[in-house]
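Trainee: I have a structure here, written as structure tokens, and I will follow up with some questions on it.
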Amino acid sequence: MKKYHDPVDTAVTYIILIVVAFVFFFPCLWIILASFSKSGSIYSFDGFFPKSYSLDTFKKLFTDTRMYNYPRWFLNTLIIAAGSCVLGTFLTILTAYTMSRFRFKARKPLMKATMILGMFPSFMGMTAVYLLMTQFGLINKPWGLILIYAAGAPMGYLTQKGYFDTIPKAIDEAAKIDGATNFQIFTKINLPLSRPIIVYTALTSFTWPWSDFILPKLLLKEKNLYTVAVGLMSLDETEFARFAAGSVFIAVPIIILYFALVKNLVESISAGAVKG
Amino acid sequence: MLVTVTACSDSGSDSESSKKTSQSSGTGSALFTGKLEKNVKIQVLENDTAISKGYFKELIDAFNKKYKDQGIEAVDANMDQYLDLANDGPYGYGPDVLYQANDVIMKYVDGKHILPLPVEDMDCYKEIPESAWKAYQTKIDGKTYTCAVPVNVQAPMLYYRKDLLPDDWKEKWDENGNDIPDMAESWSRMYDFSKERHAEDSKKYGYMKSLNDMYFSSGFLFSYGGYIFGKDNTDPSDIGFAAGDAVKGANVLSQLASVMNEDCIDDTITTNAYSKLGNGSYFATISTPDVYSTFLEELEKNYEENGDSKQDAEKKAKENLVMTTLPKLPESGDLTDGSENTLVSKSMGGINGYAISSYTKAPNACLEFVKFATSYEMVKKRADILGIAPAREDAAKDAGGTSEQLYKNLDSGDIILMPSITEVGQIWTPGKTFFSDLAKDVFRTKDKKKYKNEAAMKKGLEDMCSQISDAITTLK
Amino acid sequence: MTRKEIIKDFFRTSSPAVKTSLVIMGAGHLRYGSISKGILYLLVEVSMIWYLIRRGFKDIEGFFTLGTQKADAWAGIAGDNSIIMLLMGIFAWIVAGAFIYIYVQNVKGAREAQRRFEEAIPQKTLKENFRELLDREFYCLALALPVIGVCIFNVLPIVFMILIAFTNYGGNTVPPELVDWVGLENFKKLIVLKKFGPTFIKILGWNLLWAVMSTVLNYFAGLGLALLLNKDCVRGKNFWRAFPILAYAVPGFITLLAFRFMFSYGGPINQFIVAHGGFAIGFLDIDAKWSARIIGLLVNCWISVPSIMLLATGNLSNRDMSIYEAADIDGANRRQQFNKLTMPYMLFTTMPVLLSQFIGNFNNFGIFYFLRGGLYKDGYFLASDTDLLINWLYNLSIDNNYYSIGAAISLVIFIITSAISLAVYVKSPSYREEDTFQ
């Protein structure tokens with residue numbers, strides 16, 4: 001295959017990329033630098049950035065845990081996120097795959113129903129969720145949250161279904177001729193083929209608990225059970241530096257997860273599978 | 001059993017008092033038998049400042065030491081200070097004892113989520129003024145119940161820094177020669193000083209406060225005859241923010257905003273006041289007494305940064321940071337006309353105190369805790385550590401002039417307590433909207449100004465009232 | 001056969017054992033030798049009866065009465081909690097529904113067992129059934145868990161909320177006060193109220209505009225970015241991709257608070273303007289209708305684009321590259337390949353994103369709640385000119401405690417919006433032409 005790059009096109013591409021990178025990076029950089037500010041108050045900055053820097057806020061974030069136990073919140077969130085990531089991804093992929101591959105009577109009604117359910121303003125149902133959890137005795141229980149996140153995850157199956165719709169059915173049929181059951185086709189053939197979408201689903205369902213604070217606020221009453229989001233929102237207004245430091249540190253596991261998974265996200269597998 | 005209880009209560013006259021408790025359940029709940037529950041943990045919800053400044057730890061440590069033998073242990077409820085007892089309590093997830101403002105506590109009375117207390121039998125009863133108790137009283141079927149024990153008064157206070165006064169303030173800014181700078185006594189002089197300070201250095205300001213904070217801004221309306229609800233704040237069908245000459249208060253606010261900058265439109269000043277008073281950009285602001293320690297800390301930090309030793313900084317900060325009652329207002333409602341007739345500033349206030357949840361398993365132990373926490377020693381300690389204005393007169397006297405003055409204001413009706421009816425929740429957003437519009441107007445160009453004269457301001461206030469009334473009545 | 005005939009036929013041809021399964025579940029199975037299945041059905045019936053006695057009957061009764069005894073903590077009366085009764089009532093209906101489904105399966109299964117017995121075909125064993133679940137009926141097995149989960153944590157709350165619209169829950173009528181059914185009272189109020197209509201129309205108009213604009217913006221920006229990063233000439237793709245990911249890693253509410261601060265009067269942007277001799281601009285303040293709306297749009301774009309980009313990247317890598325090789329051989333240039341192959345493919349596979357973006361943006365609560373919450377504008381009833389319907393609902397039902405009215409409004413909104421989006425969805429290619437690329 002010939003590789004010829006139009007230099008003008010390349011230049012324009014890079015200019016756009018630099019602009020995009022700046023747009024995304026600048027606010028992040030601002031938060032990051034603010035978290036290293038020495039004064040601890042965002043209002044003492046001249047212009048965008050702090051005058052002097054220190055590691056004190058991060059030290060404080062992890063050691064001064066009497067009022068705001070950030071390490072604990074972090075651990076709680078990690079557990080909840082990991083739990084709902086595993087369960088939620090599994091359920092979502094299963095649902096999407098089924099809706100994409102099988103034709104059955106209830107399919108179209110189900111698709112329409114989930115579509116409609118998604119339109120409902122979710123916080124209106126929060127009272128019910130809270131009361132339900134009090135009845136099940138799941139208040140102040142992290143796995144109660146995992147349950148809700150995981151149970152709600154399949155509602156967003158559409159994106160994943162769109163992906164499965166693009167995996168050629170020819171592969172399935174070949175396997176069927178070889179005598180594989182549908183279950184085997186799913187686990188042995190389609191799952192490995194859909195690594196990118198699984199990674200995407202895992203990433204999104206892992207990230208969600210990090211930023212959600214309505215549900216954990218509702219269900220976790222004790223401060224040492226808080227998630228990072230709830231904890232940060234409960235900070236006193238004078239605790240800006242702590243807030244910034246906490247916000248920056250939230251991003252760490254997500255970024256690590258991204259870099260660990262990025263290879264799977266962009267790897268092209270299905271093309272090879274069809275040919276091979 | 002009763003003998004052990006009485007022997008271990010906190011002050012001398014207790015054997016008498018606990019006998020009374022068991023007999024007179026007249027206003028207290030029948031649950032208060034005086035018989036202490038054994039081996040119980042009571043969850044206490046305190047406010048965040050008390051916890052972070054270490055007062056709360058001292059309180060529960062002292063309590064636990066004393067009641068160890070009885071098997072009573074007080075612990076930090078470890079919950080959000082703004083939790084909703086009505087939502088959590090009935091399902092068993094609320095605290096046993098809670099420290100809250102009167103409007104929050106009284107909100108729970110309708111649903112009977114908190115217990116009426118036998119307050120006449122408590123040793124703090126006589127020390128706390130009638131006006132403070134009144135904030136927690138409710139009448140049901142002709143009987144008066146008291147639902148919490150007052151600890152401290154919250155009302156807007158003026159904070160300023162003595163060391164930012166001009167060197168010659170005694171000559172120029174103390175006309176009556178009482179050693180108190182005039183700007184702390186009169187809003188008109190505060191206005192003059194703010195103007196002067198900003199003119200000298202465009203980065204410096206005098207008085208600064210975000211207008212959009214209804215809690216602080218509404219006081220200016222009250223001073224000229226405005227009120228929240230009719231019939232002593234019990235009738236939500238009568239909303240009085242535009243009543244009397246309230247519009248003059250709006251005018252004063254607008255004049256004050258004109259010596260600030262655009263930051264007064266949103267909540268910028270409210271959140272940065274601590275550090276900006278600390279670094280000297282602002283000379284004065286208003287806030288509640290419970291954040292005194294935060295202001296102090298910021299100031300200390302600033303002195304330290306400028307080269308003072310930790311001890312010196314502490315000492316200097318304590319000397320220079322002044323917290324006092326609000327300055328007087330001109331009767332005319334114009335800060336610039338130089339008139340001598342003044343009015344006492346009224347303000348919205350609240351009383352914080354301890355209440356006991358109806359869902360507690362150990363009401364008597366809780367009552368014991370409340371008695372302990374409202375004892376002279378503990379309240380005094382609270383005042384020392386947090387700088388609050390105690391409700392107990394004996395502690396208030398020790399704490400110095402400000403608290404006493406606050407009590408006078410409370411008695412004379414110059415502190416208007418936040419209404420205890422639920423409808424009060426619906427005044428905040430309309431109020432915030434109007435006050436930020438008023439502040440914004442100061443910075444609008446002439447042709448775009450909305451509030452050019454008093455009539456326009458009056459209309460604005462009336463619109464705000466009708467918004468509140470809409471919120472309250474339309475959907476009922 | 002009509003239903004009547006089916007029933008007649010059932011009683012004519014069924015054996016006594018099958019008829020017995022009408023009363024004692026599993027009897028038919030037991031009679032014809034499917035012991036394990038028979039026992040399972042029997043167990044279901046026993047536990048259902050146990051549930052009904054333990055709380056089912058009470059819950060269903062409570063569903064209708066919503067409580068008769070007011071609680072009074074001072075007098076030590078525990079009393080009824082109307083809202084819990086409503087909730088557990090709905091729960092009981094769901095359990096009853098599930099039971100009826102199993103019951104019908106039981107009768108059908110018994111008939112089938114009888115048929116097999118009469119025709120001397122061996123009965124299906126549980127193992128065979130199980131195998132079927134893994135194969136032909138794989139979808140039943142796969143969907144069982146998600147459907148149950150969604151029913152309990154999504155459908156149940158929604159049903160609860162819809163029913164609340166027909167009660168007087170809210171204001172001062174919250175537990176321990178007893179709540180009552182009031183029929184269509186709340187809806188009547190909405191029609192009678194003059195203030196409601198204009199606000200609704202204004203907010204709905206802005207809400208639709210917002211949903212369309214932000215969806216289009218986010219979608220094309222995300223897709224464009226993915227395609228841009230996928231260009232052959234871009235080196236260090238992972239490096240460039242890391243910037244949006246960084247943005248993605250910071251939780252949305254923090255981003256929103258940070259942007260709110262940046263655009264506030266004391267924020268760095270205004271500091272910058274003032275330092276250079278300008279006047280501070282109230283980007284998000286009370287007069288800022290369009291500037292706040294546009295900032296909202298852009299900030300939302302900033303938040304949403306990375307995840308769309310991620311997804312599109314995943315989809316791009318899933319292309320069948322052999323088509324491109326074929327195109328190369330046919331002499332198609334890169335532009336033609338892009339227009340004829342890449343774009344249609346991407347549009348098709350990411351179409352669901354458009355839909356979920358639309359739904360998500362339509363109900364985007366956070367953006368204006370964090371950026372510009374707490375204002376009521378003239379001409380709006382308890383709302384401001386940037387509020388979306390969901391923000392307005394929040395003002396009504398949470399800030400002002402009008403749960404039942406809020407529920408009624410959300411039901412109205414819900415019916416309108418779901419009708420629109422359902423119509424669009426049913427016409428969309430990802431619904432109608434699912435098999436294009438399969």
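Going through the structure tokens in order, the chains are called A, B, and so on, while each chain numbers its residues from 1 and the ligands are numbered from 1 in the order shown.
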Within 6 Å of chain B, which residues belong to chain A? Use only C-alpha atoms and report them as a PyMOL selection string.
Mentor: chain A and resi 221-223
Trainee: Next, write the just-selected residues to a file, as a compact mmCIF listing (two decimals), in the first residue's frame, keeping C-alpha atoms as the atom set.
Mentor:
```txt
# COMPACT_ATOMS: atom_id res chain seq x y z
CA LYS A 221 -24.86 8.06 55.52
CA GLU A 222 -21.66 7.49 57.38
CA LYS A 223 -18.77 9.73 56.50
```
Trainee: Write out as a ChimeraX atom specification every residue belonging to chain A that has an atom at most 7 Å from any atom of chain C, counting only C-alpha atoms.
Mentor: /A:5,10,21,24-25,28,47-48,91,94-95,98,102,112,116,118-121,124-125,128-129,131,148,151-152,154,158-159,162-163,165-169,181-183,196-197,200,210-211,247,250-251,254-255,265-271
Trainee: Please report the interatomic distance between atom CA of Lys188 of chain A and atom CA of Ser100 of chain A in Å with one decimal.
Mentor: 16.9 Å
Trainee: What are the residues of chain B lining chain C at 7 Å or less? Count only C-alpha atoms, and put the answer as a ChimeraX atom specification.
Mentor: /B:29,111-113,115,262-263,266,268,358,426,429-430,433,437,471
Trainee: Include C-alpha atoms and write out the residues we just selected as a PDB file, in the first residue's frame.
Mentor:
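Written file, again_4.pdb:
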```pdb
ATOM      1  CA  SER B  29     -41.746  13.400  76.528  1.00  0.00           C
ATOM      2  CA  GLY B 111     -43.571  15.192  61.986  1.00  0.00           C
ATOM      3  CA  LYS B 112     -42.582  14.792  65.646  1.00  0.00           C
ATOM      4  CA  HIS B 113     -39.160  13.599  64.601  1.00  0.00           C
ATOM      5  CA  LEU B 115     -38.611  14.764  71.331  1.00  0.00           C
ATOM      6  CA  GLU B 262     -18.489  42.984  40.492  1.00  0.00           C
ATOM      7  CA  ASP B 263     -17.507  40.141  42.802  1.00  0.00           C
ATOM      8  CA  ASP B 266     -22.117  36.195  42.661  1.00  0.00           C
ATOM      9  CA  THR B 268     -17.128  35.267  45.027  1.00  0.00           C
ATOM     10  CA  SER B 358     -37.492  10.596  68.457  1.00  0.00           C
ATOM     11  CA  GLN B 426     -38.988  28.789  49.641  1.00  0.00           C
ATOM     12  CA  THR B 429     -33.926  31.405  45.666  1.00  0.00           C
ATOM     13  CA  PRO B 430     -36.262  34.337  44.908  1.00  0.00           C
ATOM     14  CA  THR B 433     -32.243  36.285  42.489  1.00  0.00           C
ATOM     15  CA  ASP B 437     -30.020  41.553  40.258  1.00  0.00           C
ATOM     16  CA  ALA B 471     -43.634  29.172  45.233  1.00  0.00           C
TER      17      ALA B 471
END
```
Trainee: Which polymer residues have any atom within 8 Å of an atom of Asp172 of chain A, counting only C-alpha atoms, with same-chain residues fewer than 4 positions away left out, as a ChimeraX atom specification?
Mentor: /A:168,176,185,189
Trainee: May I have all residues of segment 28-172 of chain B that DSSP, computed from the backbone, assigns to helix (DSSP H, G or I), given as an MDAnalysis selection string?
Mentor: chainID B and resid 48:52 55:70 85:91 102:107 119:121 130:134 162:164 169:172
Trainee: What does the distance from atom CA of Asp103 of chain B to atom CA of Gln154 of chain B come to in Å, to one decimal?
Mentor: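 Computing the Euclidean distance for atom CA of Asp103 of chain B and atom CA of Gln154 of chain B yields 11.8 Å.
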Trainee: Suppose you want the space between atom CA of Ile35 of chain C and atom CA of Tyr103 of chain C; what is it in Å?
Mentor: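 These atoms are spaced 16.9 Å apart.
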